[in-house]
Each structure stands twice: as C-alpha cells, then as structure tokens.
Amino acid sequence: MVEREVLLAPDVIARGAAAIADGAARQWMLSQPRQVRRSYVHDVLDQGDDETSRQRWMLRAPDSVRESYLELVLPEEPGGSRPEVLWMLHQPDAVRESYVEQVIDADPSTHRPDIIWMLRQPDAVRESYIEDVIRHPKSRIGSADG
C-alpha cells in the first residue's frame, strides 16, 4: 500500500507528499513527525483503518498532536467542529482513555455505552459537557482549564 509506505518514509519525503496531498487531514498527517505517522500506521492502518481505530488513535494521541488537529484539520472538515468532538479532544488523558475503554471498546451487546459512561463520570466532567456542548455549543472549548 502506497499510503503506508509514504507515511513511514523519512520526514522530507512525507512533507513533500503533503504538499500535493488532497484534503486537510492527509496534508496534516503527512506533516506530522515520523513517530506520529508511524503510530498511526501501527494503530490505524494495520488494524483495519476503520472509524473506530481512527477515534481510538486520536483520543490517545499526545496533546500537541490533538491540538494541531483541532487547529488545522477540524475547521476544514464538514461537521468536524461539532461541539462534542471538540469537547472530547480537550479532555484530560484519564477521561479520554476511559471513553476509549468503556465506549469505543465496549461489548457490542452493551446498550448505549456512551450514556452509561457519561453517567459514571465525575460531576465536573458531566457539568463541563453540559456547559460546553449542550448550553453553549458555539463557544470556544478547550481553555487552559480543560
């Protein structure tokens, strides 16, 4: 697969490919450091390249990777800056990891794991979701307070 080879290539090759790549997400990924691209290949492409593996990878990505994605890709994606997406990507590591474990990787027979997960969150997490996603969905999410 050409995509895999380009993502694993040295930075100079990947960045050259970014200049001619279609779409903000591809350009962004090809502009990432080799270590980030390598983890994407291992955790997404080598795992079947589906929406679930992409979500899992992004939620587990370091702050700098998520922040650059939020800044450079989401504004260009249709529906990409949905308040719940912005909110989740700005959550602390423990919140994002629990979401991966309890919602994304939930037993398929579990009814509404997202609701169960949210109800089990600390008050502060639920309150920030209510404030940032439900009450004020167009406000800037992700202040330094998280």
# chains A, B, ... in the order shown; residues from 1 in each chain; ligands from 1
$ select_by_dssp --residues "segment 6-84 of chain A" --states "helix (DSSP H, G or I)" --output "VMD selection string"
chain A and resid 6 to 8 11 to 20 24 to 31 34 to 43 45 to 47 51 to 60 63 to 72 74 to 76 83 to 84
$ residues_around --residues "Asp43 of chain A" --least-positions-apart "2" --cutoff "12 Å" --atoms "only C-alpha atoms" --output "JSON, numbers by chain"
{"A": [4, 36, 37, 38, 39, 40, 41, 45, 46, 47, 48, 49, 50, 51, 52, 53, 54, 55, 56, 57, 58, 59, 60, 61]}
$ residues_around --residues "Glu3 of chain A" --least-positions-apart "4" --cutoff "10 Å" --atoms "only C-alpha atoms" --output "VMD selection string"
chain A and resid 7 to 9 26 30 41 45
$ closest_residue --among "A:Trp117, A:Trp28, A:Tyr99, A:Trp87" --to "Ser68 of chain A" --atoms "only C-alpha atoms"
A:Trp28
$ atom_distance --atom1 "atom CA of Ile134 of chain A" --atom2 "atom CA of Glu84 of chain A"
8.8 Å
$ atom_distance --atom1 "atom CA of Pro10 of chain A" --atom2 "atom CA of Met29 of chain A"
13.2 Å
